[in-house]
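A short worksheet on the structure shown next.
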Amino acid sequence: MKTRSVGPYEWEVPVGEVRGMRVPGRVFADRAGIEKAREDRALEQVANVATLPGIVRASYAMPDIHWGYGFPVGGVAATDADAGGVISPGGVGFDICCGVRLLRSDLTIADVEDRLAELSVQLGRRIPRGIGSKGLLKLDRSELRGVLTEGAGWVLSRGFGWESDLERCEDHGRLAGADPDAVSDRAYERGAPQCGSLGAGNHFLEVQIVDHIDDAGAAEAFELAVGNVCVMIHSGSRGVGHQICTDELKIFDKLMRRSGIEVPDRQLACGPVSAPEAERYLGAMAAAANFARANRHALAHELRETFAEVIGRSAESMGLRLVYDVAHNLAKIERYEVDGRERDLCVHRKGATRAFGPGHPELIDRYKAVGQPVIVPGSMGTESWVLVGTAAGRDKAFWSTCHGAGRAMSRTQAKKRMGGHQVRSDLESQGILVNATHPGLLAEEAPYAYKDVTSVVDTCEGAGLSKKVARLRPLAVIKG
Amino acid sequence: MAYRIVEHTADIGIEATAPDIPILFSEAVRAMAAVVLDADPPEAFDRVAVAAEADDLGALLAEILQEALWRFESSGWLPVDVELEVSATTAAGTFGVVKDVTVGGPAIKAVTYHQLAVERTPDGWLARVFFDV
């Protein structure tokens, strides 16, 4: 796959590298990153996405790009909804609205160090996690309908969480346009027992401490200062999202053939945004997104309760407030000027985070002057980052940036390198407490299986996609 | 007949080979169970009915594997093989299932259509499926 450098940390995959490309590929990466993407077939996937009907400007990839299914992980594609542009359920993925929620506190290391082990044990006990785990909320069908429609606000209305949480969530915790009637019975069945559960795999809850500030102005707006204890949650829409994507993939596979659309990989199944099937998918996808927001909201409530019990003070008195809750697997209709004309674009972000720059009208007053917070989890045991959107981000890649470190090694390779018990002991020797459901998971998720997250966020900054605000160091990891 | 696990940076895949389609589908189910268990699956303890339909053999195999995942998630019974009557677009028969297994591998979220293949080879048939984990 040919590439050419087109700017600092920017590479172009020219039209023609894959038959049917309508726009070039544009990858934000350093030299090592572009070579890694070439090796693991992710570049081919960038080129494949460039064949989608109605795609505008380019098929983008963020610096944490790696081989995915259909779309590369780290892929961003915008299609012109009014000019035959398509939506692809595979461009959102199975874990619809998987994302990250960060809470900050006034607690310092002195407040928690004696109780960190107890905190890790109690969080592990109270936060439902792992394969087959049941959620904090047991919902009947009508209650689940409420969650699918109202998102985090539904959980709040049942007395969990704080009113102030909602304004610090993307879309205020509720994606408009959800259609609970577009959700299959099996998705209801899978979701009913799972609201308020972490899941497994790379999902986690982590107690962290702010150890470095890069942008004092943004950090102040985000209420982050060196020494603050924080908690990060990484989870998604659980079985609801998995089932909706599974259901819709079959529908779009047929729609695509009926519409005469050809794509290089069947997982890129897609159909015109104007088709009734697309309207139905957007309604189901928004319902799954609302489930994901409600899920993270319920988990945040439980962690506040756990902190209060272990530390012996109320969560309010600790200032355990939300910084932000943001998705990294979602498609949204957003308005941009392209070729001198305002257009409604369907922006797919698959393993990429929306990153509005300063002044964006959708930002709340607290964040309007500085830009939207972006939460970037590192790999297990390594630092995580809080970034902020930039003014240049709109034209760079439709207000998008990275979503994590990005995997660099398969699970089998990672397990061959070191066993789970060794990974745990290595992390504990660095002073990081680890609470995992089984050691095999630790081996699969070992830090060396991922790229260096700091290099990824530096590349994002170098490319103008986002700016670094604060670095978070892990104290205790609770894995699914 | 045989199966193997296919490496993928973030997810995981399987390839199965067999002389005919029913055995191919059974090997694919066995391969998926091997991913879940991170070990060769045990022999089936019981049998439960399964049926599926799709537009082609690739989608039909994906459907059977999705049914196997759902069986495991909803009941705790893990399908380790399948005995099927298969036409071009329908399949019906029984899963061989086991219970009380130790899950040693990654949690499979879903069956993808990425590079999905059921194709003839000089020796019989080959199937390739990637899972989202």
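All residue names refer to the structure tokens as shown: chains lettered A, B, ... in order, residues numbered from 1 in each chain, ligands numbered from 1 in order.
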For B:Thr90, please output as a PDB file with C-alpha atoms, in the first residue's frame all residues within 10 Å (counting only C-alpha atoms; exclusion window: fewer than 3 positions along the same chain).
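After the write, around_14.pdb holds the following:
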```pdb
ATOM      1  CA  ALA B  51     -32.100 -23.588  13.048  1.00  0.00           C
ATOM      2  CA  ALA B  52     -30.991 -20.685  10.865  1.00  0.00           C
ATOM      3  CA  GLU B  53     -31.501 -19.137   7.463  1.00  0.00           C
ATOM      4  CA  ALA B  54     -29.519 -16.646   5.413  1.00  0.00           C
ATOM      5  CA  ASP B  55     -28.884 -15.596   1.813  1.00  0.00           C
ATOM      6  CA  ASP B  56     -25.657 -17.556   1.337  1.00  0.00           C
ATOM      7  CA  LEU B  57     -23.369 -20.051   3.035  1.00  0.00           C
ATOM      8  CA  LEU B  60     -25.525 -18.940   7.219  1.00  0.00           C
ATOM      9  CA  LEU B  61     -22.360 -19.930   9.093  1.00  0.00           C
ATOM     10  CA  LEU B  84     -26.910 -30.048  10.605  1.00  0.00           C
ATOM     11  CA  GLU B  85     -28.911 -30.590   7.469  1.00  0.00           C
ATOM     12  CA  VAL B  86     -27.697 -27.690   5.305  1.00  0.00           C
ATOM     13  CA  SER B  87     -29.177 -26.310   2.093  1.00  0.00           C
TER      14      SER B  87
END
```
Within 7 Å of chain A, which residues belong to chain B? Use only C-alpha atoms and report them as a tab-separated table (two decimals) with N, CA and C atoms, in the first residue's frame.
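Once everything was written out, this is selection.tsv:
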```tsv
chain	number	residue	atom	x	y	z
B	7	GLU	N	-4.58	-15.24	13.93
B	7	GLU	CA	-4.15	-14.05	14.68
B	7	GLU	C	-4.76	-12.77	14.09
B	8	HIS	N	-5.06	-11.82	14.96
B	8	HIS	CA	-5.57	-10.50	14.56
B	8	HIS	C	-5.12	-9.54	15.64
B	9	THR	N	-4.79	-8.30	15.25
B	9	THR	CA	-4.22	-7.36	16.23
B	9	THR	C	-5.16	-7.12	17.42
B	10	ALA	N	-6.43	-6.90	17.14
B	10	ALA	CA	-7.34	-6.56	18.22
B	10	ALA	C	-8.33	-7.67	18.52
B	73	GLU	N	-24.56	-17.41	26.20
B	73	GLU	CA	-24.86	-16.24	27.05
B	73	GLU	C	-26.16	-16.43	27.82
B	104	GLY	N	-11.49	-19.52	29.59
B	104	GLY	CA	-10.08	-19.11	29.71
B	104	GLY	C	-9.68	-18.09	28.65
B	106	PRO	N	-10.77	-14.85	25.60
B	106	PRO	CA	-11.43	-13.54	25.62
B	106	PRO	C	-12.94	-13.67	25.44
B	107	ALA	N	-13.68	-12.69	25.93
B	107	ALA	CA	-15.14	-12.67	25.75
B	107	ALA	C	-15.43	-12.31	24.30
B	109	LYS	N	-17.73	-10.80	21.68
B	109	LYS	CA	-18.91	-9.93	21.65
B	109	LYS	C	-19.84	-10.31	20.50
B	110	ALA	N	-19.25	-10.64	19.34
B	110	ALA	CA	-20.09	-10.83	18.16
B	110	ALA	C	-19.31	-11.52	17.05
B	112	THR	N	-18.34	-11.27	13.19
B	112	THR	CA	-18.27	-10.21	12.17
B	112	THR	C	-18.38	-10.80	10.77
B	113	TYR	N	-18.58	-9.93	9.79
B	113	TYR	CA	-18.56	-10.32	8.37
B	113	TYR	C	-17.20	-9.97	7.75
B	114	HIS	N	-16.23	-9.56	8.58
B	114	HIS	CA	-14.92	-9.18	8.06
B	114	HIS	C	-14.22	-10.39	7.44
B	115	GLN	N	-13.96	-10.33	6.15
B	115	GLN	CA	-13.29	-11.41	5.40
B	115	GLN	C	-14.01	-12.74	5.58
B	133	VAL	N	-13.85	-9.19	19.84
B	133	VAL	CA	-13.64	-9.53	21.25
B	133	VAL	C	-13.24	-8.27	22.04
```
Rounded to one decimal place, report the atom CA of A:Ala29-atom CA of A:Glu10 distance in Å.
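Answer for the atom CA of A:Ala29 to atom CA of A:Glu10 separation: 6.1 Å.
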Length of the atom CA of B:Val35 to atom CA of A:Ala414 vector [Å]
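Taking atom CA of B:Val35 and atom CA of A:Ala414, their separation equals 15.1 Å.
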Considering only strand (DSSP E) as DSSP defines it on the backbone, what residues of stretch 129-376 of chain A qualify? List them as a ChimeraX atom specification.
/A:204-213,229-235,271-272,321-327,329-338,341-350,353-354,373-376
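Atom pair atom CA of B:Arg4 / atom CA of B:Arg71 has a distance of 22.6 Å (rounded to one decimal).
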Could you pull the residues within 7 Å of A:Pro14, counting only C-alpha atoms, minus those fewer than 4 positions along the same chain, as a PyMOL selection string?
chain A and resi 3+24-25
Okay, now the selection with N, CA and C atoms, as a PDB file, in the first residue's frame?
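In the end it all went to selection.pdb:
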```pdb
ATOM      1  N   THR A   3       2.055   5.131   0.353  1.00  0.00           N
ATOM      2  CA  THR A   3       1.691   6.318   1.138  1.00  0.00           C
ATOM      3  C   THR A   3       2.674   7.431   0.787  1.00  0.00           C
ATOM      4  N   PRO A  24      -9.001  10.064  -1.138  1.00  0.00           N
ATOM      5  CA  PRO A  24      -7.770   9.460  -0.595  1.00  0.00           C
ATOM      6  C   PRO A  24      -7.948   9.028   0.856  1.00  0.00           C
ATOM      7  N   GLY A  25      -7.026   8.228   1.331  1.00  0.00           N
ATOM      8  CA  GLY A  25      -6.933   7.953   2.760  1.00  0.00           C
ATOM      9  C   GLY A  25      -6.025   8.995   3.382  1.00  0.00           C
TER      10      GLY A  25
END
```
Could you check which of B:Ala117, B:Met32, B:Val111, B:Val50 is closest to B:Val82, using only C-alpha atoms?
B:Val50
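Taking only C-alpha atoms, the non-local environment of A:Ala219 within 10 Å (same-chain residues fewer than 2 positions away omitted) comprises A:Ile213, A:Asp214, A:Asp215, A:Ala216, A:Gly217, A:Ala221, A:Phe222, A:Glu223, A:Leu224, A:Ala225, A:Val226, A:Val370, A:Pro373, A:Val386, A:Leu387, A:Val388, A:Lys468, A:Val469, A:Ala470.
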Neighbours of A:Thr149 within 9 Å (only C-alpha atoms; same-chain residues fewer than 4 positions away dropped), as number ranges by chain?
A: 144-145, 154, 174-180, 286-287, 290-291
Now that the selection is made, can you save its residues with N, CA and C atoms as a compact mmCIF listing (two decimals), in the first residue's frame?
```
# COMPACT_ATOMS: atom_id res chain seq x y z
N LEU A 144 -36.44 -0.77 30.63
CA LEU A 144 -35.36 -0.76 29.64
C LEU A 144 -35.70 0.19 28.49
N ARG A 145 -36.97 0.22 28.13
CA ARG A 145 -37.43 1.18 27.11
C ARG A 145 -37.12 2.61 27.54
N TRP A 154 -32.56 8.79 32.61
CA TRP A 154 -33.51 7.81 33.18
C TRP A 154 -32.95 7.27 34.50
N ARG A 174 -27.97 11.88 26.60
CA ARG A 174 -29.10 11.32 25.84
C ARG A 174 -28.95 11.70 24.37
N LEU A 175 -28.75 10.69 23.52
CA LEU A 175 -28.68 10.96 22.09
C LEU A 175 -30.10 11.02 21.53
N ALA A 176 -30.43 12.13 20.89
CA ALA A 176 -31.79 12.31 20.39
C ALA A 176 -32.08 11.33 19.25
N GLY A 177 -33.36 11.04 19.07
CA GLY A 177 -33.77 10.21 17.93
C GLY A 177 -33.79 8.73 18.22
N ALA A 178 -33.64 8.35 19.49
CA ALA A 178 -33.66 6.92 19.81
C ALA A 178 -35.04 6.33 19.53
N ASP A 179 -35.05 5.13 18.95
CA ASP A 179 -36.32 4.47 18.65
C ASP A 179 -36.32 3.08 19.29
N PRO A 180 -36.93 2.97 20.48
CA PRO A 180 -36.90 1.67 21.17
C PRO A 180 -37.67 0.59 20.41
N ALA A 286 -29.03 4.98 18.36
CA ALA A 286 -29.18 6.00 19.42
C ALA A 286 -29.69 5.34 20.70
N ALA A 287 -30.58 4.34 20.56
CA ALA A 287 -31.08 3.63 21.75
C ALA A 287 -29.92 2.92 22.46
N ASN A 290 -27.81 5.40 24.25
CA ASN A 290 -28.42 5.82 25.52
C ASN A 290 -28.23 4.76 26.60
N PHE A 291 -28.27 3.48 26.18
CA PHE A 291 -28.00 2.41 27.14
C PHE A 291 -26.57 2.55 27.68
```
Could you pull out all residues of stretch 216-464 of chain A with a DSSP call of helix (DSSP H, G or I) and give them as a PyMOL selection string?
chain A and resi 216-221+238-259+266-268+276-312+365-368+393-397+411-417+420-429+439-444+447-449+453-463
Residues within 12 Å of A:Ser59, please, as a PDB file with N, CA and C atoms, in the first residue's frame. Count only C-alpha atoms; anything in the same chain fewer than 5 positions from it doesn't count.
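Output file selection_39.pdb follows:
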```pdb
ATOM      1  N   TRP A  11      -0.153  11.399   6.462  1.00  0.00           N
ATOM      2  CA  TRP A  11       0.206  10.554   5.327  1.00  0.00           C
ATOM      3  C   TRP A  11      -1.032  10.350   4.471  1.00  0.00           C
ATOM      4  N   GLU A  12      -0.802  10.340   3.166  1.00  0.00           N
ATOM      5  CA  GLU A  12      -1.925  10.125   2.252  1.00  0.00           C
ATOM      6  C   GLU A  12      -1.809   8.757   1.593  1.00  0.00           C
ATOM      7  N   VAL A  13      -2.939   8.050   1.535  1.00  0.00           N
ATOM      8  CA  VAL A  13      -3.039   6.834   0.723  1.00  0.00           C
ATOM      9  C   VAL A  13      -3.745   7.271  -0.561  1.00  0.00           C
ATOM     10  N   PRO A  14      -3.038   7.298  -1.700  1.00  0.00           N
ATOM     11  CA  PRO A  14      -3.641   7.878  -2.906  1.00  0.00           C
ATOM     12  C   PRO A  14      -4.830   7.075  -3.435  1.00  0.00           C
ATOM     13  N   VAL A  15      -5.748   7.794  -4.079  1.00  0.00           N
ATOM     14  CA  VAL A  15      -6.866   7.135  -4.757  1.00  0.00           C
ATOM     15  C   VAL A  15      -6.288   6.145  -5.767  1.00  0.00           C
ATOM     16  N   MET A  21     -11.823   3.415  -4.811  1.00  0.00           N
ATOM     17  CA  MET A  21     -11.632   4.518  -3.844  1.00  0.00           C
ATOM     18  C   MET A  21     -12.197   5.815  -4.429  1.00  0.00           C
ATOM     19  N   ARG A  22     -12.982   6.529  -3.647  1.00  0.00           N
ATOM     20  CA  ARG A  22     -13.594   7.777  -4.117  1.00  0.00           C
ATOM     21  C   ARG A  22     -12.836   8.992  -3.605  1.00  0.00           C
ATOM     22  N   VAL A  23     -12.127   8.820  -2.512  1.00  0.00           N
ATOM     23  CA  VAL A  23     -11.325   9.889  -1.899  1.00  0.00           C
ATOM     24  C   VAL A  23     -10.017   9.253  -1.437  1.00  0.00           C
ATOM     25  N   PRO A  24      -9.001  10.064  -1.138  1.00  0.00           N
ATOM     26  CA  PRO A  24      -7.770   9.460  -0.595  1.00  0.00           C
ATOM     27  C   PRO A  24      -7.948   9.028   0.856  1.00  0.00           C
ATOM     28  N   GLY A  25      -7.026   8.228   1.331  1.00  0.00           N
ATOM     29  CA  GLY A  25      -6.933   7.953   2.760  1.00  0.00           C
ATOM     30  C   GLY A  25      -6.025   8.995   3.382  1.00  0.00           C
ATOM     31  N   ARG A  26      -6.279   9.350   4.621  1.00  0.00           N
ATOM     32  CA  ARG A  26      -5.400  10.299   5.301  1.00  0.00           C
ATOM     33  C   ARG A  26      -5.163   9.783   6.722  1.00  0.00           C
ATOM     34  N   VAL A  27      -3.913   9.440   6.986  1.00  0.00           N
ATOM     35  CA  VAL A  27      -3.561   8.810   8.260  1.00  0.00           C
ATOM     36  C   VAL A  27      -2.690   9.762   9.064  1.00  0.00           C
ATOM     37  N   PHE A  28      -3.079  10.001  10.310  1.00  0.00           N
ATOM     38  CA  PHE A  28      -2.275  10.833  11.210  1.00  0.00           C
ATOM     39  C   PHE A  28      -1.387   9.887  12.018  1.00  0.00           C
ATOM     40  N   LEU A  43      -3.887  -0.108   6.958  1.00  0.00           N
ATOM     41  CA  LEU A  43      -3.882   0.851   5.837  1.00  0.00           C
ATOM     42  C   LEU A  43      -4.824   0.391   4.727  1.00  0.00           C
ATOM     43  N   GLU A  44      -4.828  -0.919   4.491  1.00  0.00           N
ATOM     44  CA  GLU A  44      -5.745  -1.475   3.480  1.00  0.00           C
ATOM     45  C   GLU A  44      -7.195  -1.158   3.880  1.00  0.00           C
ATOM     46  N   GLN A  45      -7.470  -1.215   5.172  1.00  0.00           N
ATOM     47  CA  GLN A  45      -8.830  -0.916   5.635  1.00  0.00           C
ATOM     48  C   GLN A  45      -9.149   0.571   5.470  1.00  0.00           C
ATOM     49  N   VAL A  46      -8.157   1.450   5.657  1.00  0.00           N
ATOM     50  CA  VAL A  46      -8.368   2.891   5.403  1.00  0.00           C
ATOM     51  C   VAL A  46      -8.790   3.074   3.939  1.00  0.00           C
ATOM     52  N   ALA A  47      -8.090   2.383   3.039  1.00  0.00           N
ATOM     53  CA  ALA A  47      -8.399   2.490   1.608  1.00  0.00           C
ATOM     54  C   ALA A  47      -9.773   1.887   1.302  1.00  0.00           C
ATOM     55  N   ASN A  48     -10.108   0.782   1.966  1.00  0.00           N
ATOM     56  CA  ASN A  48     -11.428   0.160   1.746  1.00  0.00           C
ATOM     57  C   ASN A  48     -12.562   1.123   2.120  1.00  0.00           C
ATOM     58  N   VAL A  49     -12.393   1.829   3.251  1.00  0.00           N
ATOM     59  CA  VAL A  49     -13.435   2.768   3.711  1.00  0.00           C
ATOM     60  C   VAL A  49     -13.604   3.901   2.695  1.00  0.00           C
ATOM     61  N   ALA A  50     -12.514   4.236   1.989  1.00  0.00           N
ATOM     62  CA  ALA A  50     -12.573   5.315   0.983  1.00  0.00           C
ATOM     63  C   ALA A  50     -13.466   4.963  -0.209  1.00  0.00           C
ATOM     64  N   THR A  51     -13.936   3.716  -0.288  1.00  0.00           N
ATOM     65  CA  THR A  51     -14.843   3.321  -1.384  1.00  0.00           C
ATOM     66  C   THR A  51     -16.311   3.578  -1.031  1.00  0.00           C
ATOM     67  N   LEU A  52     -16.613   3.963   0.214  1.00  0.00           N
ATOM     68  CA  LEU A  52     -18.021   4.117   0.611  1.00  0.00           C
ATOM     69  C   LEU A  52     -18.698   5.230  -0.211  1.00  0.00           C
ATOM     70  N   PRO A  53     -19.874   4.971  -0.754  1.00  0.00           N
ATOM     71  CA  PRO A  53     -20.573   6.010  -1.530  1.00  0.00           C
ATOM     72  C   PRO A  53     -20.837   7.265  -0.695  1.00  0.00           C
ATOM     73  N   GLY A  54     -20.573   8.423  -1.288  1.00  0.00           N
ATOM     74  CA  GLY A  54     -20.869   9.704  -0.638  1.00  0.00           C
ATOM     75  C   GLY A  54     -19.824  10.151   0.357  1.00  0.00           C
ATOM     76  N   PHE A  71     -13.978  -1.274   9.089  1.00  0.00           N
ATOM     77  CA  PHE A  71     -13.218  -0.059   9.371  1.00  0.00           C
ATOM     78  C   PHE A  71     -11.954  -0.429  10.160  1.00  0.00           C
ATOM     79  N   PRO A  72     -10.875   0.356   9.981  1.00  0.00           N
ATOM     80  CA  PRO A  72      -9.769   0.194  10.932  1.00  0.00           C
ATOM     81  C   PRO A  72     -10.202   0.764  12.276  1.00  0.00           C
ATOM     82  N   GLY A  74      -9.742   3.392  14.938  1.00  0.00           N
ATOM     83  CA  GLY A  74      -9.155   4.723  14.737  1.00  0.00           C
ATOM     84  C   GLY A  74      -9.656   5.379  13.457  1.00  0.00           C
ATOM     85  N   GLY A  75     -10.643   4.759  12.807  1.00  0.00           N
ATOM     86  CA  GLY A  75     -11.136   5.268  11.522  1.00  0.00           C
ATOM     87  C   GLY A  75     -12.229   6.317  11.677  1.00  0.00           C
ATOM     88  N   VAL A  76     -12.199   7.319  10.806  1.00  0.00           N
ATOM     89  CA  VAL A  76     -13.236   8.362  10.765  1.00  0.00           C
ATOM     90  C   VAL A  76     -13.648   8.552   9.309  1.00  0.00           C
ATOM     91  N   ALA A  77     -14.948   8.467   9.043  1.00  0.00           N
ATOM     92  CA  ALA A  77     -15.445   8.676   7.670  1.00  0.00           C
ATOM     93  C   ALA A  77     -16.736   9.473   7.723  1.00  0.00           C
ATOM     94  N   ALA A  78     -16.815  10.533   6.936  1.00  0.00           N
ATOM     95  CA  ALA A  78     -18.023  11.354   6.869  1.00  0.00           C
ATOM     96  C   ALA A  78     -18.617  11.224   5.471  1.00  0.00           C
ATOM     97  N   THR A  79     -19.929  10.967   5.427  1.00  0.00           N
ATOM     98  CA  THR A  79     -20.606  10.852   4.135  1.00  0.00           C
ATOM     99  C   THR A  79     -21.670  11.940   4.029  1.00  0.00           C
ATOM    100  N   GLY A  91     -19.220   0.614  10.676  1.00  0.00           N
ATOM    101  CA  GLY A  91     -18.392   1.792  10.927  1.00  0.00           C
ATOM    102  C   GLY A  91     -18.598   2.359  12.323  1.00  0.00           C
ATOM    103  N   VAL A 347     -21.103  11.325  10.274  1.00  0.00           N
ATOM    104  CA  VAL A 347     -19.699  11.136  10.680  1.00  0.00           C
ATOM    105  C   VAL A 347     -19.578   9.852  11.513  1.00  0.00           C
ATOM    106  N   HIS A 348     -18.889   8.854  10.929  1.00  0.00           N
ATOM    107  CA  HIS A 348     -18.623   7.598  11.646  1.00  0.00           C
ATOM    108  C   HIS A 348     -17.304   7.761  12.396  1.00  0.00           C
ATOM    109  N   ARG A 349     -17.313   7.445  13.668  1.00  0.00           N
ATOM    110  CA  ARG A 349     -16.050   7.393  14.435  1.00  0.00           C
ATOM    111  C   ARG A 349     -15.939   6.010  15.048  1.00  0.00           C
ATOM    112  N   LYS A 350     -15.003   5.219  14.519  1.00  0.00           N
ATOM    113  CA  LYS A 350     -14.835   3.827  14.991  1.00  0.00           C
ATOM    114  C   LYS A 350     -13.487   3.757  15.714  1.00  0.00           C
ATOM    115  N   LYS A 396      -9.263  19.412  10.076  1.00  0.00           N
ATOM    116  CA  LYS A 396      -8.313  18.298  10.026  1.00  0.00           C
ATOM    117  C   LYS A 396      -9.029  16.969   9.782  1.00  0.00           C
ATOM    118  N   ALA A 397     -10.014  16.662  10.631  1.00  0.00           N
ATOM    119  CA  ALA A 397     -10.699  15.364  10.512  1.00  0.00           C
ATOM    120  C   ALA A 397     -12.061  15.408  11.190  1.00  0.00           C
ATOM    121  N   PHE A 398     -12.861  16.441  10.846  1.00  0.00           N
ATOM    122  CA  PHE A 398     -14.221  16.544  11.382  1.00  0.00           C
ATOM    123  C   PHE A 398     -14.236  16.423  12.902  1.00  0.00           C
TER     124      PHE A 398
END
```
Determine, counting only C-alpha atoms, which protein, DNA and RNA residues have an atom within 7 Å of an atom of A:Ile432; residues of the same chain fewer than 6 positions away are not included. Present the result as JSON, numbers by chain.
{"A": [381, 474, 475, 476]}
